[in-house]
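Below: run-v5.pdb (PDB, C-alpha atoms and all ligand atoms)
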```
ATOM      1  CA  HIS A   1      81.760  82.059  89.013  1.00  0.00           C
ATOM      2  CA  SER A   2      84.335  84.031  87.080  1.00  0.00           C
ATOM      3  CA  THR A   3      87.156  86.013  88.593  1.00  0.00           C
ATOM      4  CA  ALA A   4      86.892  89.684  87.642  1.00  0.00           C
ATOM      5  CA  LYS A   5      89.981  91.134  86.021  1.00  0.00           C
ATOM      6  CA  PRO A   6      91.566  93.539  88.500  1.00  0.00           C
ATOM      7  CA  THR A   7      93.108  96.890  87.603  1.00  0.00           C
ATOM      8  CA  ARG A   8      96.408  95.800  89.061  1.00  0.00           C
ATOM      9  CA  GLY A   9      97.864  92.674  90.562  1.00  0.00           C
ATOM     10  CA  ALA A  10      96.851  91.635  94.067  1.00  0.00           C
ATOM     11  CA  PHE A  11      99.366  91.341  96.882  1.00  0.00           C
ATOM     12  CA  PHE A  12      98.587  88.163  98.809  1.00  0.00           C
ATOM     13  CA  LEU A  13     100.518  87.719 102.012  1.00  0.00           C
ATOM     14  CA  LEU A  14     100.637  84.364 103.773  1.00  0.00           C
ATOM     15  CA  GLU A  15     101.665  84.445 107.398  1.00  0.00           C
ATOM     16  CA  GLY A  16     101.551  81.839 110.119  1.00  0.00           C
ATOM     17  CA  VAL A  17     103.423  79.934 112.764  1.00  0.00           C
ATOM     18  CA  ASP A  18     106.260  77.575 111.849  1.00  0.00           C
ATOM     19  CA  ARG A  19     105.145  74.209 110.415  1.00  0.00           C
ATOM     20  CA  CYS A  20     101.725  75.515 109.391  1.00  0.00           C
ATOM     21  CA  GLY A  21     102.311  74.601 105.734  1.00  0.00           C
ATOM     22  CA  LYS A  22     102.781  78.173 104.574  1.00  0.00           C
ATOM     23  CA  THR A  23     105.445  77.452 101.987  1.00  0.00           C
ATOM     24  CA  THR A  24     103.474  74.589 100.394  1.00  0.00           C
ATOM     25  CA  GLN A  25     100.341  76.721 100.300  1.00  0.00           C
ATOM     26  CA  CYS A  26     102.196  79.622  98.688  1.00  0.00           C
ATOM     27  CA  GLN A  27     103.219  77.275  95.871  1.00  0.00           C
ATOM     28  CA  ARG A  28      99.676  75.967  95.525  1.00  0.00           C
ATOM     29  CA  LEU A  29      98.143  79.436  95.433  1.00  0.00           C
ATOM     30  CA  LEU A  30     100.660  80.506  92.809  1.00  0.00           C
ATOM     31  CA  GLN A  31      99.775  77.466  90.683  1.00  0.00           C
ATOM     32  CA  ARG A  32      96.050  78.143  90.958  1.00  0.00           C
ATOM     33  CA  LEU A  33      96.462  81.748  89.962  1.00  0.00           C
ATOM     34  CA  LEU A  34      98.552  80.787  86.947  1.00  0.00           C
ATOM     35  CA  GLN A  35      96.072  78.069  85.962  1.00  0.00           C
ATOM     36  CA  ALA A  36      93.290  80.669  86.117  1.00  0.00           C
ATOM     37  CA  GLY A  37      95.273  82.806  83.668  1.00  0.00           C
ATOM     38  CA  ILE A  38      96.259  85.379  86.282  1.00  0.00           C
ATOM     39  CA  ALA A  39      99.833  86.653  86.043  1.00  0.00           C
ATOM     40  CA  ALA A  40     101.521  85.982  89.361  1.00  0.00           C
ATOM     41  CA  THR A  41     104.886  85.607  90.984  1.00  0.00           C
ATOM     42  CA  ALA A  42     106.154  84.261  94.307  1.00  0.00           C
ATOM     43  CA  MET A  43     108.251  86.091  96.837  1.00  0.00           C
ATOM     44  CA  ARG A  44     109.507  85.255 100.303  1.00  0.00           C
ATOM     45  CA  PHE A  45     111.043  87.092 103.216  1.00  0.00           C
ATOM     46  CA  PRO A  46     113.674  86.980 104.423  1.00  0.00           C
ATOM     47  CA  ASN A  47     115.083  86.977 100.894  1.00  0.00           C
ATOM     48  CA  ARG A  48     118.296  85.161 101.718  1.00  0.00           C
ATOM     49  CA  THR A  49     119.890  85.825  98.322  1.00  0.00           C
ATOM     50  CA  THR A  50     120.788  89.500  98.804  1.00  0.00           C
ATOM     51  CA  SER A  51     123.676  90.801 100.895  1.00  0.00           C
ATOM     52  CA  THR A  52     121.373  91.691 103.811  1.00  0.00           C
ATOM     53  CA  GLY A  53     119.747  88.281 103.339  1.00  0.00           C
ATOM     54  CA  GLN A  54     123.077  86.533 103.762  1.00  0.00           C
ATOM     55  CA  LEU A  55     123.658  88.283 107.089  1.00  0.00           C
ATOM     56  CA  ILE A  56     120.135  87.302 108.160  1.00  0.00           C
ATOM     57  CA  ASP A  57     120.712  83.702 107.084  1.00  0.00           C
ATOM     58  CA  SER A  58     123.849  83.364 109.173  1.00  0.00           C
ATOM     59  CA  TYR A  59     122.023  84.908 112.139  1.00  0.00           C
ATOM     60  CA  LEU A  60     119.139  82.442 111.781  1.00  0.00           C
ATOM     61  CA  GLN A  61     121.500  79.525 111.409  1.00  0.00           C
ATOM     62  CA  GLN A  62     123.249  80.734 114.557  1.00  0.00           C
ATOM     63  CA  THR A  63     126.632  81.001 112.906  1.00  0.00           C
ATOM     64  CA  SER A  64     126.606  84.672 113.883  1.00  0.00           C
ATOM     65  CA  ASN A  65     125.129  86.746 116.674  1.00  0.00           C
ATOM     66  CA  MET A  66     123.671  90.212 116.405  1.00  0.00           C
ATOM     67  CA  ASP A  67     122.020  92.796 118.595  1.00  0.00           C
ATOM     68  CA  ASP A  68     118.219  92.315 118.618  1.00  0.00           C
ATOM     69  CA  ARG A  69     117.605  95.781 117.206  1.00  0.00           C
ATOM     70  CA  ALA A  70     120.266  95.498 114.534  1.00  0.00           C
ATOM     71  CA  ILE A  71     118.857  92.227 113.197  1.00  0.00           C
ATOM     72  CA  HIS A  72     115.350  93.646 113.312  1.00  0.00           C
ATOM     73  CA  LEU A  73     116.411  96.569 111.139  1.00  0.00           C
ATOM     74  CA  LEU A  74     118.183  94.223 108.734  1.00  0.00           C
ATOM     75  CA  PHE A  75     114.997  92.174 108.258  1.00  0.00           C
ATOM     76  CA  SER A  76     113.207  95.435 107.496  1.00  0.00           C
ATOM     77  CA  ALA A  77     115.951  96.596 105.102  1.00  0.00           C
ATOM     78  CA  ASN A  78     115.664  93.227 103.377  1.00  0.00           C
ATOM     79  CA  ARG A  79     112.017  94.112 102.598  1.00  0.00           C
ATOM     80  CA  TRP A  80     112.752  97.698 101.588  1.00  0.00           C
ATOM     81  CA  GLU A  81     115.191  96.408  98.982  1.00  0.00           C
ATOM     82  CA  SER A  82     112.185  94.871  97.217  1.00  0.00           C
ATOM     83  CA  ALA A  83     109.646  97.651  97.816  1.00  0.00           C
ATOM     84  CA  ASP A  84     109.940  99.373  94.416  1.00  0.00           C
ATOM     85  CA  MET A  85     109.897  96.061  92.605  1.00  0.00           C
ATOM     86  CA  ILE A  86     106.727  94.993  94.461  1.00  0.00           C
ATOM     87  CA  VAL A  87     104.898  98.159  93.416  1.00  0.00           C
ATOM     88  CA  GLU A  88     106.128  97.844  89.826  1.00  0.00           C
ATOM     89  CA  GLN A  89     104.951  94.244  89.562  1.00  0.00           C
ATOM     90  CA  LEU A  90     101.533  95.053  90.992  1.00  0.00           C
ATOM     91  CA  LYS A  91     101.087  98.020  88.659  1.00  0.00           C
ATOM     92  CA  ALA A  92     102.152  95.886  85.715  1.00  0.00           C
ATOM     93  CA  GLY A  93      99.250  93.564  86.591  1.00  0.00           C
ATOM     94  CA  THR A  94     101.236  90.773  88.217  1.00  0.00           C
ATOM     95  CA  SER A  95      99.884  89.404  91.486  1.00  0.00           C
ATOM     96  CA  ILE A  96     102.311  88.544  94.257  1.00  0.00           C
ATOM     97  CA  VAL A  97     102.137  85.564  96.572  1.00  0.00           C
ATOM     98  CA  CYS A  98     104.383  86.413  99.480  1.00  0.00           C
ATOM     99  CA  ASP A  99     105.643  84.025 102.166  1.00  0.00           C
ATOM    100  CA  ARG A 100     106.096  86.203 105.305  1.00  0.00           C
ATOM    101  CA  TYR A 101     106.515  90.000 105.455  1.00  0.00           C
ATOM    102  CA  ALA A 102     106.441  92.810 108.000  1.00  0.00           C
ATOM    103  CA  TYR A 103     103.980  91.003 110.274  1.00  0.00           C
ATOM    104  CA  SER A 104     106.508  88.211 110.782  1.00  0.00           C
ATOM    105  CA  GLY A 105     109.098  90.918 111.292  1.00  0.00           C
ATOM    106  CA  VAL A 106     107.155  92.430 114.176  1.00  0.00           C
ATOM    107  CA  ALA A 107     105.778  89.175 115.609  1.00  0.00           C
ATOM    108  CA  PHE A 108     109.215  87.600 115.983  1.00  0.00           C
ATOM    109  CA  SER A 109     111.166  90.635 117.186  1.00  0.00           C
ATOM    110  CA  ALA A 110     108.432  91.768 119.578  1.00  0.00           C
ATOM    111  CA  SER A 111     108.527  88.297 121.151  1.00  0.00           C
ATOM    112  CA  LYS A 112     111.954  89.105 122.554  1.00  0.00           C
ATOM    113  CA  ASP A 113     112.509  90.944 125.833  1.00  0.00           C
ATOM    114  CA  ASN A 114     112.517  94.737 125.741  1.00  0.00           C
ATOM    115  CA  MET A 115     111.257  94.993 122.178  1.00  0.00           C
ATOM    116  CA  ASP A 116     107.886  96.671 122.031  1.00  0.00           C
ATOM    117  CA  LEU A 117     105.434  96.318 119.196  1.00  0.00           C
ATOM    118  CA  GLU A 118     105.437  99.950 118.082  1.00  0.00           C
ATOM    119  CA  TRP A 119     109.203 100.233 118.009  1.00  0.00           C
ATOM    120  CA  CYS A 120     109.248  97.116 115.878  1.00  0.00           C
ATOM    121  CA  GLN A 121     106.627  98.452 113.469  1.00  0.00           C
ATOM    122  CA  ALA A 122     108.381 101.760 112.826  1.00  0.00           C
ATOM    123  CA  PRO A 123     110.981 100.734 110.220  1.00  0.00           C
ATOM    124  CA  ASP A 124     108.349  98.933 108.114  1.00  0.00           C
ATOM    125  CA  ARG A 125     105.972 101.902 107.973  1.00  0.00           C
ATOM    126  CA  GLY A 126     105.365 102.897 104.373  1.00  0.00           C
ATOM    127  CA  LEU A 127     106.194  99.564 102.743  1.00  0.00           C
ATOM    128  CA  PRO A 128     103.739  98.494 100.047  1.00  0.00           C
ATOM    129  CA  ALA A 129     100.779  97.063 101.967  1.00  0.00           C
ATOM    130  CA  PRO A 130      99.364  93.628 101.158  1.00  0.00           C
ATOM    131  CA  ASP A 131      95.745  93.393  99.962  1.00  0.00           C
ATOM    132  CA  CYS A 132      95.099  90.691 102.529  1.00  0.00           C
ATOM    133  CA  VAL A 133      96.885  88.653 105.136  1.00  0.00           C
ATOM    134  CA  ILE A 134      96.001  84.987 104.920  1.00  0.00           C
ATOM    135  CA  PHE A 135      96.910  83.624 108.318  1.00  0.00           C
ATOM    136  CA  LEU A 136      97.401  79.878 108.523  1.00  0.00           C
ATOM    137  CA  ASP A 137      96.473  79.159 112.078  1.00  0.00           C
ATOM    138  CA  MET A 138      97.175  76.120 114.199  1.00  0.00           C
ATOM    139  CA  SER A 139      98.059  75.565 117.830  1.00  0.00           C
ATOM    140  CA  THR A 140     101.690  75.201 118.856  1.00  0.00           C
ATOM    141  CA  GLU A 141     100.883  71.625 119.909  1.00  0.00           C
ATOM    142  CA  GLN A 142      99.503  70.743 116.482  1.00  0.00           C
ATOM    143  CA  ALA A 143     102.511  72.352 114.815  1.00  0.00           C
ATOM    144  CA  GLU A 144     104.840  70.278 116.966  1.00  0.00           C
ATOM    145  CA  GLU A 145     103.026  67.083 116.039  1.00  0.00           C
ATOM    146  CA  ARG A 146     104.193  67.720 112.485  1.00  0.00           C
ATOM    147  CA  GLY A 147     107.648  66.453 113.328  1.00  0.00           C
ATOM    148  CA  GLY A 148     109.137  68.974 115.708  1.00  0.00           C
ATOM    149  CA  TYR A 149     111.118  72.069 114.924  1.00  0.00           C
ATOM    150  CA  GLY A 150     114.325  72.498 112.974  1.00  0.00           C
ATOM    151  CA  GLN A 151     117.663  73.852 114.067  1.00  0.00           C
ATOM    152  CA  GLU A 152     117.201  77.549 113.396  1.00  0.00           C
ATOM    153  CA  ARG A 153     117.302  80.206 116.055  1.00  0.00           C
ATOM    154  CA  TYR A 154     113.565  80.769 116.646  1.00  0.00           C
ATOM    155  CA  GLU A 155     112.428  77.162 116.320  1.00  0.00           C
ATOM    156  CA  LYS A 156     111.651  76.589 119.983  1.00  0.00           C
ATOM    157  CA  ARG A 157     108.320  76.046 121.702  1.00  0.00           C
ATOM    158  CA  GLU A 158     108.321  79.071 123.997  1.00  0.00           C
ATOM    159  CA  MET A 159     109.259  81.437 121.205  1.00  0.00           C
ATOM    160  CA  GLN A 160     106.642  79.943 118.893  1.00  0.00           C
ATOM    161  CA  GLN A 161     103.926  80.424 121.523  1.00  0.00           C
ATOM    162  CA  ARG A 162     104.852  84.067 121.992  1.00  0.00           C
ATOM    163  CA  VAL A 163     104.994  84.644 118.256  1.00  0.00           C
ATOM    164  CA  ARG A 164     101.499  83.222 117.814  1.00  0.00           C
ATOM    165  CA  GLN A 165     100.266  85.607 120.514  1.00  0.00           C
ATOM    166  CA  ARG A 166     101.928  88.546 118.763  1.00  0.00           C
ATOM    167  CA  PHE A 167     100.321  87.605 115.463  1.00  0.00           C
ATOM    168  CA  GLN A 168      96.944  87.688 117.211  1.00  0.00           C
ATOM    169  CA  GLU A 169      97.659  91.193 118.489  1.00  0.00           C
ATOM    170  CA  LEU A 170      98.753  92.316 115.036  1.00  0.00           C
ATOM    171  CA  SER A 171      95.594  90.936 113.443  1.00  0.00           C
ATOM    172  CA  GLN A 172      93.600  93.263 115.687  1.00  0.00           C
ATOM    173  CA  LEU A 173      95.435  96.428 114.688  1.00  0.00           C
ATOM    174  CA  ASP A 174      93.114  98.755 112.872  1.00  0.00           C
ATOM    175  CA  ASP A 175      95.577  99.137 110.009  1.00  0.00           C
ATOM    176  CA  GLY A 176      93.214  98.744 107.088  1.00  0.00           C
ATOM    177  CA  VAL A 177      94.664  95.375 106.066  1.00  0.00           C
ATOM    178  CA  GLN A 178      92.161  92.518 106.040  1.00  0.00           C
ATOM    179  CA  TRP A 179      93.132  89.367 107.881  1.00  0.00           C
ATOM    180  CA  LYS A 180      91.645  86.039 106.887  1.00  0.00           C
ATOM    181  CA  PHE A 181      92.151  83.125 109.241  1.00  0.00           C
ATOM    182  CA  VAL A 182      92.454  79.665 107.764  1.00  0.00           C
ATOM    183  CA  ASN A 183      92.443  76.511 109.858  1.00  0.00           C
ATOM    184  CA  ALA A 184      95.817  75.064 108.918  1.00  0.00           C
ATOM    185  CA  ALA A 185      95.097  71.782 110.716  1.00  0.00           C
ATOM    186  CA  GLN A 186      92.828  70.677 107.846  1.00  0.00           C
ATOM    187  CA  THR A 187      94.120  68.557 104.959  1.00  0.00           C
ATOM    188  CA  MET A 188      96.384  70.341 102.484  1.00  0.00           C
ATOM    189  CA  ASP A 189      93.627  70.267  99.869  1.00  0.00           C
ATOM    190  CA  GLN A 190      91.076  71.839 102.235  1.00  0.00           C
ATOM    191  CA  VAL A 191      93.532  74.554 103.204  1.00  0.00           C
ATOM    192  CA  GLU A 192      94.258  75.167  99.532  1.00  0.00           C
ATOM    193  CA  ASP A 193      90.543  75.529  98.731  1.00  0.00           C
ATOM    194  CA  ASP A 194      89.977  77.948 101.619  1.00  0.00           C
ATOM    195  CA  ILE A 195      92.893  80.065 100.457  1.00  0.00           C
ATOM    196  CA  TRP A 196      91.669  80.009  96.875  1.00  0.00           C
ATOM    197  CA  SER A 197      88.255  81.362  97.803  1.00  0.00           C
ATOM    198  CA  ILE A 198      89.873  84.135  99.848  1.00  0.00           C
ATOM    199  CA  ALA A 199      92.146  84.914  96.896  1.00  0.00           C
ATOM    200  CA  GLN A 200      89.199  85.196  94.524  1.00  0.00           C
ATOM    201  CA  GLN A 201      87.375  87.592  96.863  1.00  0.00           C
ATOM    202  CA  THR A 202      90.530  89.641  97.241  1.00  0.00           C
ATOM    203  CA  LEU A 203      91.035  89.880  93.479  1.00  0.00           C
ATOM    204  CA  GLU A 204      87.523  91.242  93.112  1.00  0.00           C
ATOM    205  CA  GLN A 205      88.158  93.929  95.730  1.00  0.00           C
ATOM    206  CA  VAL A 206      91.569  95.211  94.650  1.00  0.00           C
ATOM    207  CA  GLN A 207      91.714  99.011  94.612  1.00  0.00           C
ATOM    208  CA  PRO A 208      93.883 100.777  92.006  1.00  0.00           C
ATOM    209  CA  GLU A 209      96.195 102.376  94.576  1.00  0.00           C
ATOM    210  CA  VAL A 210      98.821 100.289  96.345  1.00  0.00           C
ATOM    211  CA  ARG A 211      98.439 101.359  99.967  1.00  0.00           C
ATOM    212  CA  GLN A 212     101.293 102.020 102.352  1.00  0.00           C
ATOM    213  CA  LEU A 213     101.644  99.819 105.389  1.00  0.00           C
ATOM    214  CA  TRP A 214     100.984 101.307 108.848  1.00  0.00           C
ATOM    215  CA  GLN A 215     100.784 104.834 107.513  1.00  0.00           C
ATOM    216  CA  SER A 216      97.956 106.944 108.926  1.00  0.00           C
TER
HETATM  217  P1  LIG B 301     111.534  81.103 107.034  1.00  0.00           P
HETATM  218  O1  LIG B 301     111.664  79.815 107.789  1.00  0.00           O
HETATM  219  O2  LIG B 301     110.166  81.364 106.497  1.00  0.00           O
HETATM  220  O3  LIG B 301     112.627  81.305 106.019  1.00  0.00           O
HETATM  221  O4  LIG B 301     111.732  82.260 108.117  1.00  0.00           O
HETATM  222  N1  LIG B 301     111.615  86.280 110.604  1.00  0.00           N
HETATM  223  C1  LIG B 301     111.145  86.461 109.354  1.00  0.00           C
HETATM  224  C2  LIG B 301     111.920  87.359 111.441  1.00  0.00           C
HETATM  225  O5  LIG B 301     112.344  87.184 112.577  1.00  0.00           O
HETATM  226  N2  LIG B 301     111.733  88.620 110.954  1.00  0.00           N
HETATM  227  C3  LIG B 301     111.266  88.856 109.694  1.00  0.00           C
HETATM  228  O6  LIG B 301     111.129  90.024 109.298  1.00  0.00           O
HETATM  229  C4  LIG B 301     110.953  87.730 108.851  1.00  0.00           C
HETATM  230  C5  LIG B 301     110.437  87.954 107.462  1.00  0.00           C
HETATM  231  C6  LIG B 301     110.709  83.976 111.008  1.00  0.00           C
HETATM  232  C7  LIG B 301     112.897  82.422 108.807  1.00  0.00           C
HETATM  233  C8  LIG B 301     112.679  82.929 110.209  1.00  0.00           C
HETATM  234  O7  LIG B 301     112.843  84.342 110.246  1.00  0.00           O
HETATM  235  C9  LIG B 301     111.865  84.917 111.080  1.00  0.00           C
HETATM  236  C10 LIG B 301     111.327  82.635 110.803  1.00  0.00           C
END
```

As structure tokens, how would this structure be written, given the file I've shared?
Ligand code: 2DT
Amino acid sequence: HSTAKPTRGAFFLLEGVDRCGKTTQCQRLLQRLLQAGIAATAMRFPNRTTSTGQLIDSYLQQTSNMDDRAIHLLFSANRWESADMIVEQLKAGTSIVCDRYAYSGVAFSASKDNMDLEWCQAPDRGLPAPDCVIFLDMSTEQAEERGGYGQERYEKREMQQRVRQRFQELSQLDDGVQWKFVNAAQTMDQVEDDIWSIAQQTLEQVQPEVRQLWQS
């Protein structure tokens, strides 16, 4: 069946636990969109290339320490720096494939002590909202079987388990953003096909307005 031409680009957000294959699948979705003749671009957060991104990178690599709230706000600022550009791209008809966004922001920070979900959501309110969240789901055990975690700050079992729990809570928010769960334990090709059918549905349903995240 043919993919209807949307009035603007679609904002596809891929989220998931570490090691779920998110980055590979972002590349594959981008390729499929381009092959289908749909203008598209990739984006990822944190964007480590900007000045806020460099501070975030050194925090993640544990070469610097920061207060939990301060780093949370920096991750949010790192998204706000791109907010206008996201809206411009979408309005110009370019779809966006985004690797992590505000949901990762809240899921990770709210997995720390004394950081509640609503406090964590506040700075991201009003960001351009994605048209769908494609959540690549797998158990922490399955993720670990993929070769263990790396050296960065959050790459530890207990943290990963809490983050997965937080993502589940976020998926149940009644925030008007559709979540689509994909079984990330399948082969890469199966995961790619599942994502592609979600992407096609999403393209057909895109509304002209870019909505604002977590805004009533
Ligand atoms: P990557 O491995 O995908 O580069 O992620 N993170 C990410 C946060 O804590 N807050 C955020 O707002 C975002 C976008 C998740 C780097 C790590 O940064 C975490 C993993």

Next on the checklist: To check your reading of the model: which residues sit at most 7 Å from ligand LIG 301 (chain B) when counting only C-alpha atoms and all ligand atoms? Write the answer as JSON, numbers by chain.
Outcome noted: {"A": [45, 46, 60, 72, 75, 76, 99, 100, 101, 102, 104, 105, 106, 108, 109, 154]}

Contact check, stretch 74-136 of chain A to stretch 203-211 of chain A, at most 9 Å, counting all atoms listed in the file, closest pairs as a Markdown table:
```
| residue | atom | partner | partner_atom | distance |
| --- | --- | --- | --- | --- |
| A:Val87 | CA | A:Val210 | CA | 7.1 |
| A:Leu90 | CA | A:Val210 | CA | 8.0 |
| A:Lys91 | CA | A:Val210 | CA | 8.3 |
| A:Gly126 | CA | A:Arg211 | CA | 8.4 |
| A:Leu127 | CA | A:Arg211 | CA | 8.4 |
| A:Pro128 | CA | A:Arg211 | CA | 6.0 |
| A:Ala129 | CA | A:Arg211 | CA | 5.3 |
| A:Pro130 | CA | A:Arg211 | CA | 7.9 |
| A:Asp131 | CA | A:Val206 | CA | 7.0 |
```

Checklist entry - Hey, what's within 6 Å of A:Arg125 if we count only C-alpha atoms and toss same-chain stuff fewer than 5 positions away? As a list in words, please? => result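 The filter keeps Leu213, Trp214 and Gln215 of chain A.
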
Next on the checklist: Quick check on the file I pasted: which residues fall under the PyMOL selection byres (((chain A and resi 32) around 12) and not hetatm)? Write them as JSON, numbers by chain.
Outcome noted: {"A": [25, 26, 27, 28, 29, 30, 31, 33, 34, 35, 36, 37, 38, 39, 40, 41, 95, 97, 192, 193, 195, 196, 197, 199, 200]}

Would you kindly identify which residues have an atom no farther than 8 Å from (101.9, 86.0, 103.9), using only C-alpha atoms and the file's own coordinates, and write them out as an mmCIF file with C-alpha atoms, keeping the file's coordinate frame?
```cif
data_model
loop_
_atom_site.group_PDB
_atom_site.id
_atom_site.type_symbol
_atom_site.label_atom_id
_atom_site.label_comp_id
_atom_site.auth_asym_id
_atom_site.auth_seq_id
_atom_site.Cartn_x
_atom_site.Cartn_y
_atom_site.Cartn_z
ATOM 1 C CA PHE A 12 98.587 88.163 98.809
ATOM 2 C CA LEU A 13 100.518 87.719 102.012
ATOM 3 C CA LEU A 14 100.637 84.364 103.773
ATOM 4 C CA GLU A 15 101.665 84.445 107.398
ATOM 5 C CA GLY A 16 101.551 81.839 110.119
ATOM 6 C CA LYS A 22 102.781 78.173 104.574
ATOM 7 C CA VAL A 97 102.137 85.564 96.572
ATOM 8 C CA CYS A 98 104.383 86.413 99.480
ATOM 9 C CA ASP A 99 105.643 84.025 102.166
ATOM 10 C CA ARG A 100 106.096 86.203 105.305
ATOM 11 C CA TYR A 101 106.515 90.000 105.455
ATOM 12 C CA VAL A 133 96.885 88.653 105.136
ATOM 13 C CA ILE A 134 96.001 84.987 104.920
ATOM 14 C CA PHE A 135 96.910 83.624 108.318
#
```

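When atom CA of A:Val182 is paired with atom CA of A:Ile56, their separation reads 28.7 Å.
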
Checklist entry - Can you list what the PyMOL selection byres (((chain A and resi 159-173) around 7) and not hetatm) grabs from this structure, as a PyMOL selection string? => result chain A and resi 17+107-108+111+140+154-158+174-175+179

Next on the checklist: With the PyMOL selection byres (((chain A and resi 183) around 8) and not hetatm) as the selection, what would be picked from this file? Answer as a list in words, please.
Outcome noted: Leu136, Asp137, Met138, Phe181, Val182, Ala184, Ala185, Gln186 and Val191 of chain A

Next on the checklist: Is it possible to get the residues within 12 Å of (121.2, 83.4, 109.5) (coordinates as in the file, counting only C-alpha atoms) written as a list in words?
Outcome noted: Pro46, Asn47, Arg48, Thr49, Ser51, Thr52, Gly53, Gln54, Leu55, Ile56, Asp57, Ser58, Tyr59, Leu60, Gln61, Gln62, Thr63, Ser64, Asn65, Met66, Ile71, Leu74, Phe75, Gln151, Glu152, Arg153 and Tyr154 of chain A

Item to check | Nearest-residue call for A:Gly93, choices A:Ala10, A:Ala122, A:Leu73, A:Met43, using all atoms listed in the file | outcome: A:Ala10

Checklist outcome for this item: re atom CA of A:Thr7 and atom CA of A:Ala92: distance 9.3 Å

Checklist entry - Which value, in Å to one decimal, gives the distance between atom CA of A:Gly148 and atom CA of A:Asp189? => result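 According to the coordinates, atom CA of A:Gly148 and atom CA of A:Asp189 are separated by 22.2 Å.
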
The centre and edge lengths of an axis-aligned box containing all atoms of stretch 103-115 of chain A present in the file, extended by 4 Å on each side, are to be given in Å to one decimal, as lines of an AutoDock Vina configuration file.
```
center_x = 108.2
center_y = 91.3
center_z = 118.1
size_x = 16.5
size_y = 15.4
size_z = 23.6
```

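Residue nearest A:Gln178, chosen from A:Met115, A:Cys20, A:Ile198, A:Ala77 and counting all atoms listed in the file: A:Ile198.
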